[in-house]
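This is work18.csv (CSV, N, CA and C atoms).
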```
chain,number,residue,atom,x,y,z
V,1,PRO,N,-8.0,-12.9,8.6
V,1,PRO,CA,-8.7,-11.9,9.2
V,1,PRO,C,-7.8,-10.7,9.6
V,2,THR,N,-8.4,-9.5,9.6
V,2,THR,CA,-7.7,-8.3,9.9
V,2,THR,C,-8.4,-7.6,11.1
V,3,ASP,N,-7.7,-7.3,12.1
V,3,ASP,CA,-8.2,-6.5,13.2
V,3,ASP,C,-7.8,-5.0,12.9
V,4,PHE,N,-8.7,-4.1,13.2
V,4,PHE,CA,-8.5,-2.7,13.1
V,4,PHE,C,-9.2,-2.0,14.2
V,5,ASN,N,-8.4,-1.3,15.1
V,5,ASN,CA,-8.9,-0.7,16.3
V,5,ASN,C,-8.7,0.8,16.1
V,6,VAL,N,-9.6,1.6,16.6
V,6,VAL,CA,-9.5,3.1,16.7
V,6,VAL,C,-9.7,3.5,18.1
V,7,MET,N,-8.7,4.1,18.7
V,7,MET,CA,-8.8,4.6,20.1
V,7,MET,C,-8.7,6.1,20.1
V,8,THR,N,-9.6,6.7,20.7
V,8,THR,CA,-9.6,8.2,20.9
V,8,THR,C,-9.7,8.5,22.3
V,9,ARG,N,-9.3,9.7,22.7
V,9,ARG,CA,-9.4,10.2,24.0
V,9,ARG,C,-10.9,10.4,24.3
V,10,ARG,N,-11.3,9.9,25.4
V,10,ARG,CA,-12.8,10.1,25.8
V,10,ARG,C,-13.1,11.6,25.9
V,11,GLY,N,-14.1,12.0,25.2
V,11,GLY,CA,-14.6,13.3,25.2
V,11,GLY,C,-14.4,14.1,24.0
V,12,PRO,N,-13.1,14.4,23.6
V,12,PRO,CA,-12.9,15.4,22.5
V,12,PRO,C,-13.3,14.8,21.1
V,13,LEU,N,-13.1,13.6,20.9
V,13,LEU,CA,-13.4,13.0,19.6
V,13,LEU,C,-14.2,11.7,19.6
V,14,ARG,N,-14.9,11.5,18.6
V,14,ARG,CA,-15.7,10.3,18.4
V,14,ARG,C,-15.3,9.7,17.1
V,15,ALA,N,-15.1,8.4,17.0
V,15,ALA,CA,-14.7,7.7,15.8
V,15,ALA,C,-15.9,6.9,15.3
V,16,ASP,N,-16.2,7.0,14.0
V,16,ASP,CA,-17.2,6.2,13.3
V,16,ASP,C,-16.4,5.4,12.2
V,17,VAL,N,-16.5,4.1,12.3
V,17,VAL,CA,-15.7,3.2,11.4
V,17,VAL,C,-16.7,2.4,10.5
V,18,CYS,N,-16.4,2.3,9.2
V,18,CYS,CA,-17.2,1.5,8.3
V,18,CYS,C,-16.2,0.9,7.3
V,19,VAL,N,-16.6,-0.3,6.7
V,19,VAL,CA,-15.9,-0.9,5.7
V,19,VAL,C,-16.7,-0.9,4.4
V,20,LEU,N,-16.1,-0.4,3.4
V,20,LEU,CA,-16.7,-0.4,2.1
V,20,LEU,C,-16.2,-1.5,1.2
V,21,HIS,N,-17.1,-2.1,0.5
V,21,HIS,CA,-16.8,-3.2,-0.5
V,21,HIS,C,-17.1,-2.8,-1.9
V,22,GLU,N,-17.7,-1.6,-2.1
V,22,GLU,CA,-18.0,-1.1,-3.4
V,22,GLU,C,-17.7,0.4,-3.3
V,23,GLY,N,-17.5,1.0,-4.5
V,23,GLY,CA,-17.2,2.4,-4.6
V,23,GLY,C,-18.4,3.2,-4.2
V,24,GLY,N,-18.1,4.5,-3.9
V,24,GLY,CA,-19.2,5.4,-3.5
V,24,GLY,C,-18.6,6.7,-3.0
V,25,GLU,N,-19.5,7.6,-2.6
V,25,GLU,CA,-19.1,8.9,-2.0
V,25,GLU,C,-19.0,8.7,-0.5
V,26,ILE,N,-17.9,9.3,0.0
V,26,ILE,CA,-17.7,9.4,1.5
V,26,ILE,C,-18.0,10.8,1.9
V,27,ALA,N,-19.0,11.0,2.8
V,27,ALA,CA,-19.4,12.3,3.1
V,27,ALA,C,-18.3,13.2,3.7
V,28,PRO,N,-18.4,14.5,3.6
V,28,PRO,CA,-17.4,15.4,4.1
V,28,PRO,C,-17.2,15.3,5.6
V,29,VAL,N,-16.0,15.4,6.0
V,29,VAL,CA,-15.6,15.4,7.5
V,29,VAL,C,-14.3,16.1,7.6
V,30,GLU,N,-14.0,16.7,8.8
V,30,GLU,CA,-12.8,17.5,9.0
V,30,GLU,C,-11.6,16.7,9.2
V,31,ARG,N,-11.7,15.5,9.7
V,31,ARG,CA,-10.6,14.6,9.9
V,31,ARG,C,-11.0,13.2,9.8
V,32,GLY,N,-10.0,12.4,9.2
V,32,GLY,CA,-10.3,11.0,9.1
V,32,GLY,C,-9.2,10.2,8.4
V,33,LEU,N,-9.5,8.9,8.1
V,33,LEU,CA,-8.5,8.0,7.6
V,33,LEU,C,-9.2,7.1,6.6
V,34,LEU,N,-8.6,6.8,5.5
V,34,LEU,CA,-9.1,5.8,4.5
V,34,LEU,C,-7.9,4.8,4.3
V,35,LEU,N,-8.2,3.5,4.5
V,35,LEU,CA,-7.2,2.5,4.4
V,35,LEU,C,-7.7,1.4,3.5
V,36,ALA,N,-6.9,1.1,2.5
V,36,ALA,CA,-7.2,0.0,1.6
V,36,ALA,C,-6.8,-1.3,2.3
V,37,LEU,N,-7.8,-2.1,2.7
V,37,LEU,CA,-7.4,-3.4,3.3
V,37,LEU,C,-7.2,-4.5,2.2
V,38,ARG,N,-8.0,-4.6,1.2
V,38,ARG,CA,-7.9,-5.5,0.2
V,38,ARG,C,-8.2,-4.8,-1.2
V,39,GLY,N,-7.5,-5.2,-2.2
V,39,GLY,CA,-7.7,-4.7,-3.5
V,39,GLY,C,-7.2,-3.2,-3.6
V,40,ARG,N,-7.2,-2.8,-4.9
V,40,ARG,CA,-6.7,-1.4,-5.2
V,40,ARG,C,-7.9,-0.5,-5.2
V,41,TRP,N,-7.7,0.7,-4.8
V,41,TRP,CA,-8.8,1.8,-4.8
V,41,TRP,C,-8.2,3.0,-5.4
V,42,GLN,N,-9.1,3.8,-5.9
V,42,GLN,CA,-8.8,5.2,-6.3
V,42,GLN,C,-9.7,6.1,-5.3
V,43,LEU,N,-9.0,7.0,-4.7
V,43,LEU,CA,-9.6,8.0,-3.7
V,43,LEU,C,-9.4,9.4,-4.3
V,44,ASN,N,-10.5,9.9,-4.8
V,44,ASN,CA,-10.4,11.3,-5.5
V,44,ASN,C,-9.3,11.2,-6.5
V,45,GLY,N,-9.1,10.1,-7.2
V,45,GLY,CA,-8.1,10.0,-8.3
V,45,GLY,C,-6.8,9.6,-7.8
V,46,ILE,N,-6.6,9.4,-6.5
V,46,ILE,CA,-5.3,9.0,-6.0
V,46,ILE,C,-5.3,7.4,-5.8
V,47,ASP,N,-4.3,6.8,-6.4
V,47,ASP,CA,-4.2,5.3,-6.3
V,47,ASP,C,-3.8,4.8,-5.0
V,48,CYS,N,-4.5,3.9,-4.4
V,48,CYS,CA,-4.1,3.3,-3.1
V,48,CYS,C,-4.0,1.8,-3.3
V,49,ALA,N,-2.9,1.2,-3.1
V,49,ALA,CA,-2.7,-0.2,-3.1
V,49,ALA,C,-3.1,-0.8,-1.8
V,50,PRO,N,-3.3,-2.1,-1.7
V,50,PRO,CA,-3.6,-2.8,-0.4
V,50,PRO,C,-2.6,-2.4,0.7
V,51,GLY,N,-3.0,-2.0,1.8
V,51,GLY,CA,-2.1,-1.7,2.9
V,51,GLY,C,-1.7,-0.2,3.0
V,52,THR,N,-2.2,0.5,2.0
V,52,THR,CA,-1.9,2.0,2.0
V,52,THR,C,-3.2,2.8,2.1
V,53,GLY,N,-3.0,4.1,2.4
V,53,GLY,CA,-4.2,4.9,2.6
V,53,GLY,C,-3.9,6.3,2.7
V,54,LEU,N,-4.8,7.1,3.2
V,54,LEU,CA,-4.7,8.5,3.4
V,54,LEU,C,-5.3,9.0,4.7
V,55,TRP,N,-4.8,10.0,5.3
V,55,TRP,CA,-5.4,10.6,6.5
V,55,TRP,C,-5.3,12.1,6.3
V,56,TRP,N,-6.2,12.8,7.0
V,56,TRP,CA,-6.3,14.3,6.9
V,56,TRP,C,-6.8,14.8,8.2
V,57,ASP,N,-6.5,16.1,8.5
V,57,ASP,CA,-6.9,16.7,9.8
V,57,ASP,C,-7.0,18.2,9.5
V,58,GLY,N,-8.1,18.8,9.9
V,58,GLY,CA,-8.2,20.2,9.9
V,58,GLY,C,-8.7,20.8,8.6
V,59,GLU,N,-9.0,20.0,7.6
V,59,GLU,CA,-9.6,20.5,6.3
V,59,GLU,C,-10.8,19.6,5.9
V,60,THR,N,-12.0,20.1,5.9
V,60,THR,CA,-13.1,19.3,5.6
V,60,THR,C,-13.0,18.8,4.2
V,61,ARG,N,-13.1,17.5,4.0
V,61,ARG,CA,-13.0,16.8,2.7
V,61,ARG,C,-14.1,15.8,2.5
V,62,ALA,N,-14.5,15.7,1.2
V,62,ALA,CA,-15.4,14.6,0.8
V,62,ALA,C,-14.5,13.7,-0.1
V,63,TRP,N,-14.8,12.5,-0.2
V,63,TRP,CA,-14.0,11.6,-1.1
V,63,TRP,C,-14.9,10.8,-2.0
V,64,GLN,N,-14.5,10.5,-3.2
V,64,GLN,CA,-15.1,9.6,-4.1
V,64,GLN,C,-14.2,8.4,-4.1
V,65,ALA,N,-14.7,7.2,-3.7
V,65,ALA,CA,-13.9,6.0,-3.6
V,65,ALA,C,-14.4,5.1,-4.8
V,66,THR,N,-13.4,4.6,-5.5
V,66,THR,CA,-13.7,3.7,-6.6
V,66,THR,C,-12.8,2.5,-6.5
V,67,THR,N,-13.4,1.3,-6.4
V,67,THR,CA,-12.7,0.1,-6.3
V,67,THR,C,-12.2,-0.4,-7.7
V,68,LEU,N,-11.0,-0.9,-7.7
V,68,LEU,CA,-10.4,-1.3,-9.0
V,68,LEU,C,-10.3,-2.8,-9.1
V,69,ASP,N,-10.6,-3.5,-8.0
V,69,ASP,CA,-10.5,-5.0,-7.9
V,69,ASP,C,-11.7,-5.6,-7.3
V,70,THR,N,-12.0,-6.8,-7.7
V,70,THR,CA,-13.1,-7.6,-7.1
V,70,THR,C,-12.7,-8.0,-5.7
V,71,GLY,N,-13.6,-8.0,-4.8
V,71,GLY,CA,-13.3,-8.4,-3.4
V,71,GLY,C,-12.5,-7.4,-2.6
V,72,ALA,N,-12.5,-6.1,-3.1
V,72,ALA,CA,-11.8,-5.1,-2.4
V,72,ALA,C,-12.5,-4.7,-1.1
V,73,ALA,N,-11.7,-4.1,-0.2
V,73,ALA,CA,-12.3,-3.6,1.1
V,73,ALA,C,-11.5,-2.4,1.5
V,74,LEU,N,-12.3,-1.3,1.9
V,74,LEU,CA,-11.7,-0.1,2.3
V,74,LEU,C,-12.3,0.3,3.7
V,75,VAL,N,-11.4,0.6,4.6
V,75,VAL,CA,-11.8,1.1,5.9
V,75,VAL,C,-11.9,2.6,5.9
V,76,ALA,N,-13.1,3.2,6.3
V,76,ALA,CA,-13.3,4.6,6.3
V,76,ALA,C,-13.5,5.0,7.8
V,77,VAL,N,-12.7,5.8,8.3
V,77,VAL,CA,-12.8,6.3,9.7
V,77,VAL,C,-13.1,7.8,9.7
V,78,ARG,N,-14.2,8.2,10.3
V,78,ARG,CA,-14.6,9.6,10.5
V,78,ARG,C,-14.3,9.9,11.9
V,79,LEU,N,-13.5,11.0,12.1
V,79,LEU,CA,-13.2,11.5,13.5
V,79,LEU,C,-13.9,12.8,13.6
V,80,GLU,N,-14.9,12.8,14.5
V,80,GLU,CA,-15.6,14.1,14.7
V,80,GLU,C,-15.6,14.5,16.2
V,81,ALA,N,-15.5,15.9,16.3
V,81,ALA,CA,-15.5,16.4,17.6
V,81,ALA,C,-16.9,16.1,18.3
V,82,THR,N,-16.8,15.8,19.6
V,82,THR,CA,-18.0,15.6,20.4
V,82,THR,C,-18.5,16.9,20.9
V,83,THR,N,-19.8,17.0,21.1
V,83,THR,CA,-20.4,18.2,21.7
V,83,THR,C,-20.9,18.0,23.1
V,84,ASN,N,-20.9,16.7,23.5
V,84,ASN,CA,-21.4,16.4,24.9
V,84,ASN,C,-20.3,16.1,25.8
V,85,THR,N,-20.4,16.5,27.0
V,85,THR,CA,-19.4,16.2,28.1
V,85,THR,C,-20.2,15.4,29.1
V,86,SER,N,-19.5,14.5,29.8
V,86,SER,CA,-20.1,13.7,30.8
V,86,SER,C,-19.7,14.1,32.2
V,87,CYS,N,-20.6,14.1,33.2
V,87,CYS,CA,-20.3,14.3,34.6
V,87,CYS,C,-19.6,15.6,34.9
V,88,GLY,N,-19.9,16.6,34.1
V,88,GLY,CA,-19.3,17.9,34.4
V,88,GLY,C,-17.9,18.1,33.9
V,89,ASP,N,-17.4,17.2,33.0
V,89,ASP,CA,-16.0,17.4,32.4
V,89,ASP,C,-15.9,18.7,31.7
```
Rendering of file as structure tokens:
Amino acid sequence: PTDFNVMTRRGPLRADVCVLHEGGEIAPVERGLLLALRGRWQLNGIDCAPGTGLWWDGETRAWQATTLDTGAALVAVRLEATTNTSCGD
């Protein structure tokens, strides 16, 4: 088993985490992380071996993820600015 935690400062950012087991399109976002947990992946044509990945910040990007191995798993983290503040922050 693999644990993966995302911690953000309360308020400025919100993290959405999902695990992909099949290839597909990852919707555009300004900042995020893609991490190959199992199997090899191609991310917009960039090869990622298990345990490797990509992160970006400040440039909105969409990704095409293609799995190259059976049983592959890819963590996709979207970091988005929040618009709500709580208790007058």
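The gap separating atom N of V:Gly71 from atom CA of V:Glu30 is 29.0 Å, in Å to one decimal.
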Quiz prompt | Nearby residues (only C-alpha atoms) at most 7 Å from stretch 52-60 of chain V, same-chain spacing under 3 positions excluded, as a list in words | solution =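 Once the nearby chain positions are removed, what remains is Pro28, Val29, Glu30, Arg31, Gly32, Leu33, Leu34, Leu35, Ala36, Cys48 and Ala49 of chain V.
Note that atom CA of V:Gly45 and atom CA of V:Phe4 are 24.9 Å apart.
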Quiz prompt | Distance of atom N of V:Leu13 from atom N of V:Pro50, expressed in Å to one decimal place | solution = 29.2 Å
Restrict the calculation to only C-alpha atoms, then for each residue of stretch 53-79 of chain V with any atom at most 12 Å from an atom of stretch 37-41 of chain V give the closest atom pair and their distance in Å to one decimal, rows by chain and rising residue number, as CSV.
```
residue,atom,partner,partner_atom,distance
V:Gly53,CA,V:Leu37,CA,8.9
V:Leu54,CA,V:Trp41,CA,11.4
V:Trp63,CA,V:Trp41,CA,11.7
V:Gln64,CA,V:Trp41,CA,10.1
V:Ala65,CA,V:Trp41,CA,6.7
V:Thr66,CA,V:Trp41,CA,5.6
V:Thr67,CA,V:Trp41,CA,4.5
V:Leu68,CA,V:Arg40,CA,5.3
V:Asp69,CA,V:Gly39,CA,5.2
V:Thr70,CA,V:Gly39,CA,7.1
V:Gly71,CA,V:Gly39,CA,6.7
V:Ala72,CA,V:Gly39,CA,4.3
V:Ala73,CA,V:Arg38,CA,4.9
V:Leu74,CA,V:Leu37,CA,5.5
V:Val75,CA,V:Leu37,CA,6.8
V:Ala76,CA,V:Leu37,CA,10.4
```
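Minimum atom-to-atom distances from V:Gly11, V:Asn5, V:Thr83, V:Ala62 to V:Gly24 were compared using only C-alpha atoms, and the lowest value belongs to V:Ala62.
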Practice problem: Pick out each residue of chain V that DSSP on the backbone tags as strand (DSSP E or B); I need them as a ChimeraX atom specification. | Solution: /V:13-20,24-38,41-43,46-48,53-67,73-81
Draw an axis-aligned box tight on the listed atoms of stretch 34-52 of chain V, then pad every side by 6 Å and write out centre and edge lengths in Å to one decimal as lines of an AutoDock Vina configuration file.
```
center_x = -6.1
center_y = 2.9
center_z = -1.4
size_x = 20.8
size_y = 28.8
size_z = 25.8
```
